[in-house]
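S.K.: data_20.tsv is reproduced below (TSV, C-alpha atoms).
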chain	number	residue	atom	x	y	z
A	20	ILE	CA	11.40	-7.50	-7.02
A	21	VAL	CA	11.67	-10.93	-5.44
A	22	LEU	CA	8.92	-13.43	-6.24
A	23	TYR	CA	8.85	-16.27	-3.72
A	24	HIS	CA	6.86	-19.37	-2.82
A	25	GLY	CA	6.03	-20.07	0.82
A	26	ALA	CA	8.28	-17.74	2.79
A	27	ALA	CA	11.48	-15.92	1.95
A	28	GLY	CA	14.30	-14.28	3.80
A	29	SER	CA	15.12	-10.60	3.44
A	30	ALA	CA	17.45	-8.15	5.15
A	31	CYS	CA	14.35	-7.07	7.13
A	32	GLY	CA	13.52	-10.59	8.29
A	33	PRO	CA	11.14	-13.16	6.90
A	34	ALA	CA	8.74	-12.36	4.07
A	35	ARG	CA	5.56	-14.16	5.09
A	36	PRO	CA	3.49	-16.49	2.95
A	37	ASP	CA	0.57	-14.90	1.11
A	38	ASN	CA	1.93	-11.39	1.58
A	39	ALA	CA	3.95	-8.67	-0.07
A	40	MET	CA	6.44	-6.32	1.58
A	41	TYR	CA	9.06	-3.70	0.94
A	42	CYS	CA	12.40	-4.02	2.74
A	43	ALA	CA	14.26	-0.72	3.10
A	44	ALA	CA	17.40	-2.52	4.27
A	45	ASP	CA	17.96	-4.11	0.86
A	46	GLY	CA	15.58	-2.06	-1.33
A	47	GLY	CA	13.66	-5.19	-2.30
A	48	ILE	CA	9.97	-5.69	-2.93
A	49	TYR	CA	9.05	-9.21	-1.87
A	50	VAL	CA	5.93	-10.67	-3.44
A	51	SER	CA	4.40	-14.03	-2.59
A	52	ALA	CA	3.61	-16.02	-5.70
A	53	ASP	CA	0.83	-17.65	-3.70
A	54	LEU	CA	-0.79	-14.26	-3.03
A	55	PHE	CA	-0.65	-13.35	-6.71
A	56	ARG	CA	-1.97	-16.77	-7.70
A	57	GLU	CA	-4.92	-16.26	-5.35
A	58	LEU	CA	-5.68	-12.82	-6.78
A	59	VAL	CA	-5.07	-13.54	-10.47
A	60	VAL	CA	-5.91	-17.22	-11.00
A	61	VAL	CA	-8.45	-17.98	-8.29
A	62	ARG	CA	-10.25	-14.64	-7.91
A	63	HIS	CA	-9.57	-13.34	-11.46
A	64	GLU	CA	-8.50	-9.97	-10.04
A	65	ASP	CA	-5.35	-9.24	-11.99
A	66	PHE	CA	-5.47	-5.50	-11.41
A	67	ALA	CA	-5.88	-6.00	-7.65
A	68	ALA	CA	-2.54	-7.82	-7.80
A	69	GLY	CA	-1.10	-4.81	-9.60
A	70	VAL	CA	-2.39	-2.51	-6.87
A	71	VAL	CA	-0.70	-4.67	-4.20
A	72	LEU	CA	2.56	-4.28	-6.10
A	73	ALA	CA	1.95	-0.53	-6.51
A	74	HIS	CA	1.45	-0.22	-2.74
A	75	GLU	CA	4.83	-1.84	-2.11
A	76	TRP	CA	6.40	0.32	-4.81
A	77	GLY	CA	4.92	3.26	-2.86
A	78	HIS	CA	7.08	2.24	0.09
A	79	ALA	CA	10.11	2.21	-2.21
A	80	ILE	CA	9.23	5.78	-3.27
A	81	GLN	CA	8.90	6.77	0.40
A	82	ASP	CA	12.34	5.29	1.03
A	83	GLN	CA	13.96	7.00	-1.95
A	84	THR	CA	12.51	10.40	-1.03
A	85	GLY	CA	13.44	10.15	2.66
A	86	VAL	CA	9.81	10.14	3.81
A	87	LEU	CA	10.01	6.57	5.09
A	88	ARG	CA	12.87	7.27	7.52
A	89	TRP	CA	11.24	10.52	8.64
A	90	ALA	CA	7.86	8.86	9.24
A	91	LEU	CA	9.38	5.89	11.07
A	92	ARG	CA	11.45	8.22	13.28
A	93	HIS	CA	8.19	9.96	14.30
A	94	ARG	CA	6.35	6.60	14.60
A	95	TYR	CA	3.85	7.63	11.91
A	96	LEU	CA	3.36	3.95	11.11
A	97	GLU	CA	-0.25	4.02	9.96
A	98	GLY	CA	0.55	7.06	7.84
A	99	VAL	CA	3.29	5.17	6.02
A	100	GLU	CA	0.78	2.52	4.97
A	101	LEU	CA	-2.00	4.89	4.01
A	102	GLN	CA	0.38	7.02	1.96
A	103	ALA	CA	1.45	3.86	0.09
A	104	ASP	CA	-2.26	3.19	-0.57
A	105	CYS	CA	-2.53	6.72	-1.92
A	106	TYR	CA	0.43	6.07	-4.23
A	107	ALA	CA	-1.32	2.90	-5.42
A	108	GLY	CA	-4.27	5.14	-6.29
A	109	LEU	CA	-1.96	7.42	-8.29
A	110	PHE	CA	-0.70	4.37	-10.16
A	111	SER	CA	-4.28	3.31	-10.88
A	112	ARG	CA	-5.15	6.73	-12.29
A	113	SER	CA	-2.05	6.62	-14.47
A	114	ALA	CA	-3.04	3.18	-15.75
A	115	GLN	CA	-6.57	4.45	-16.43
A	116	THR	CA	-5.25	7.49	-18.30
A	117	ALA	CA	-2.92	5.29	-20.35
A	118	GLY	CA	-5.92	3.19	-21.37
A	119	ILE	CA	-4.51	-0.09	-20.08
A	120	LEU	CA	-7.28	-0.95	-17.63
A	121	ASP	CA	-9.96	-3.43	-18.56
A	122	PRO	CA	-13.59	-2.77	-17.65
A	123	GLY	CA	-13.98	-3.61	-13.99
A	124	ASP	CA	-10.30	-3.23	-13.08
A	125	LEU	CA	-10.79	-0.12	-10.96
A	126	ARG	CA	-13.69	-1.82	-9.19
A	127	GLU	CA	-11.36	-4.77	-8.43
A	128	ALA	CA	-8.88	-2.38	-6.84
A	129	GLU	CA	-11.60	-0.66	-4.82
A	130	THR	CA	-12.94	-4.01	-3.62
A	131	GLU	CA	-9.45	-5.14	-2.61
A	132	MET	CA	-8.77	-1.92	-0.70
A	133	ALA	CA	-12.17	-2.09	1.01
A	134	SER	CA	-11.54	-5.68	2.13
A	135	ILE	CA	-8.14	-5.23	3.76
A	136	GLY	CA	-7.23	-3.27	6.82
A	137	ASP	CA	-6.87	-3.52	10.53
A	138	ARG	CA	-9.72	-5.58	11.98
A	139	VAL	CA	-9.43	-3.81	15.32
A	140	LYS	CA	-8.61	-0.15	15.89
A	141	LEU	CA	-4.90	0.20	16.52
A	142	SER	CA	-2.97	3.24	17.61
A	143	ARG	CA	-1.60	5.10	14.62
A	144	THR	CA	1.87	4.52	16.10
A	145	THR	CA	1.48	0.75	16.62
A	146	PRO	CA	3.86	-1.42	14.58
A	147	GLY	CA	1.82	-3.19	11.91
A	148	ALA	CA	-0.97	-0.58	11.87
A	149	HIS	CA	-2.27	-0.20	8.33
A	150	GLY	CA	-5.53	1.66	8.94
A	151	THR	CA	-9.06	0.42	8.66
A	152	ALA	CA	-10.47	-0.83	5.38
A	153	LYS	CA	-12.47	2.40	5.15
A	154	GLN	CA	-9.31	4.51	5.60
A	155	ARG	CA	-7.36	2.42	3.11
A	156	LEU	CA	-10.04	2.79	0.45
A	157	ALA	CA	-10.36	6.54	1.15
A	158	TRP	CA	-6.62	7.17	0.74
A	159	PHE	CA	-6.47	4.94	-2.34
A	160	MET	CA	-9.26	6.99	-3.91
A	161	ARG	CA	-7.61	10.24	-2.83
A	162	GLY	CA	-4.54	9.12	-4.78
A	163	TYR	CA	-6.70	8.15	-7.73
A	164	ARG	CA	-8.19	11.66	-7.79
A	165	ALA	CA	-4.91	13.50	-7.02
A	166	ALA	CA	-3.06	15.57	-9.57
A	167	GLY	CA	0.28	14.32	-8.28
A	168	MET	CA	2.30	12.96	-5.39
A	169	GLY	CA	1.68	16.07	-3.28
A	170	GLY	CA	-1.90	14.95	-2.69
A	171	CYS	CA	-0.57	11.90	-0.86
A	172	ALA	CA	1.67	13.92	1.46
A	173	ALA	CA	-1.45	15.20	3.24
A	174	VAL	CA	-1.87	11.88	5.04
A	175	TYR	CA	0.51	12.89	7.82
A	176	ALA	CA	-1.24	16.18	8.61
A	177	ALA	CA	-4.61	14.42	8.49
A	178	LEU	CA	-3.60	11.63	10.87
A	179	TYR	CA	-1.19	13.47	13.17
A	180	PRO	CA	-2.40	17.10	13.20
A	181	LYS	CA	-0.83	18.04	16.54
A	182	LYS	CA	2.55	16.54	15.66
A	183	HIS	CA	2.90	17.49	12.03
Give the structure from this file in structure tokens form.
M.R.:
Amino acid sequence: IVLYHGAAGSACGPARPDNAMYCAADGGIYVSADLFRELVVVRHEDFAAGVVLAHEWGHAIQDQTGVLRWALRHRYLEGVELQADCYAGLFSRSAQTAGILDPGDLREAETEMASIGDRVKLSRTTPGAHGTAKQRLAWFMRGYRAAGMGGCAAVYAALYPKKH
């Protein structure tokens, strides 16, 4: 995990300010300190920051299991992002079960997921497509309710039924 201020370089190119990303080329999760400062210090949403990190960790899981390369080869770009949201939901459920969430933490995560997403409808195969805020929240909650990682695999069949 690389914490950076401003922008940072990675094997995948620049890590932008106020963002987080996973780079498959070097296996790094790049997290903007400014983004976390905004979430934790300014907005007092510490668990939302954890969910952002869990989303990026979801990409690392996709990479380690081979799903990332498979999905990118098929141009299932939106699916990659929504599956990572689902994994963030799994993380949230695990944190809830472990008793480490404070009152309101899950609501923070839901609010964060409902506030981010593509502002305009993009093709599911467009680079940078993450899904709408409604889709992102739905897949996050699907992960939260899932019994395991298999529940998150369904994203590809749901989004690309004719191809999958």
S.K.: Nearest residue to Arg126 (chain A) out of A:Ser111, A:Ala27, A:Tyr49, A:Trp158, using only C-alpha atoms?
M.R.: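 Closest residue, counting only C-alpha atoms: A:Ser111.
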S.K.: Could you list, as a PyMOL selection string, every residue within 9 Å of Glu131 (chain A), counting all atoms listed in the file and ignoring same-chain residues fewer than 3 positions away?
M.R.: chain A and resi 64+67+70-71+126-128+134-135+156
S.K.: With a distance cut-off of 12 Å and all atoms listed in the file, select the neighbouring residues of Ile48 (chain A), excluding the residue or stretch itself and same-chain residues fewer than 6 positions from it, and output the selection as a list in words.
M.R.: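 The contact residues come out as Ile20, Val21, Leu22, Tyr23, Ala27, Gly28, Ser29, Ala30, Cys31, Ala34, Asn38, Ala39, Met40, Tyr41, Cys42, Val71, Leu72, Ala73, His74, Glu75, Trp76, Gly77, His78, Ala79, Ile80 and Asp82 of chain A.
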S.K.: Around all listed atoms of region 85-96 of chain A, padded 5 Å per side, what centre and edge lengths does the axis-aligned box have in Å to one decimal, as lines of an AutoDock Vina configuration file?
M.R.:
center_x = 8.4
center_y = 7.2
center_z = 8.6
size_x = 20.1
size_y = 16.6
size_z = 21.9
S.K.: Nearest to Leu87 (chain A) among A:Lys153, A:Phe66, A:Tyr163, A:Ala44, with distances taken over only C-alpha atoms: which residue is it?
M.R.: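 Among A:Lys153, A:Phe66, A:Tyr163, A:Ala44, it is A:Ala44 that comes nearest to Leu87 (chain A).
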S.K.: For a quick check of understanding, using only C-alpha atoms, which of A:Leu178, A:Arg35, A:Cys105, A:Gly69 has the smallest distance to Leu120 (chain A)?
M.R.: A:Gly69
S.K.: Which value, in Å to one decimal, gives the distance between CA of Gly170 (chain A) and CA of Gly108 (chain A)?
M.R.: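 Between these atoms lies a distance of 10.7 Å.
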S.K.: Write out as a list in words each polymer residue whose atoms come within 10 Å of Tyr179 (chain A), counting all atoms listed in the file; drop sequence neighbours fewer than 2 positions from it.
M.R.: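 Those residues are Tyr95, Gly98, Arg143, Thr144, Val174, Tyr175, Ala176, Ala177, Lys181, Lys182 and His183 of chain A.
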S.K.: Between CA of Thr151 (chain A) and CA of Gly136 (chain A), measure the distance and give it in Å to one decimal.
M.R.: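 Computed distance, CA of Thr151 (chain A) to CA of Gly136 (chain A), equals 4.5 Å.
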S.K.: Counting only C-alpha atoms, find the residues whose atoms lie at most 8 Å from (2.9, -15.2, -6.0) (file coordinates) and write them out as a VMD selection string.
M.R.: chain A and resid 22 to 24 37 50 to 57
S.K.: Of the candidates A:Ala103, A:Glu97, A:Ala165, A:Ile119, which one gets nearest to Lys140 (chain A) if we count all atoms listed in the file?
M.R.: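 Of the candidates, the smallest distance to Lys140 (chain A) is held by A:Glu97.
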S.K.: Report, in Å with one decimal, the straight-line distance from CA of Arg94 (chain A) to CA of Glu129 (chain A).
M.R.: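 Separation between CA of Arg94 (chain A) and CA of Glu129 (chain A): 27.4 Å.
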S.K.: Nearest residue to Arg155 (chain A) out of A:Leu109, A:Thr116, A:Leu101, A:Ala173, using only C-alpha atoms?
M.R.: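 Closest residue, counting only C-alpha atoms: A:Leu101.
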S.K.: For the point (-5.8, -2.2, 11.8) in the file's frame, write as a ChimeraX atom specification all residues with an atom no more than 7 Å away, counting only C-alpha atoms.
M.R.: /A:136-141,148-151
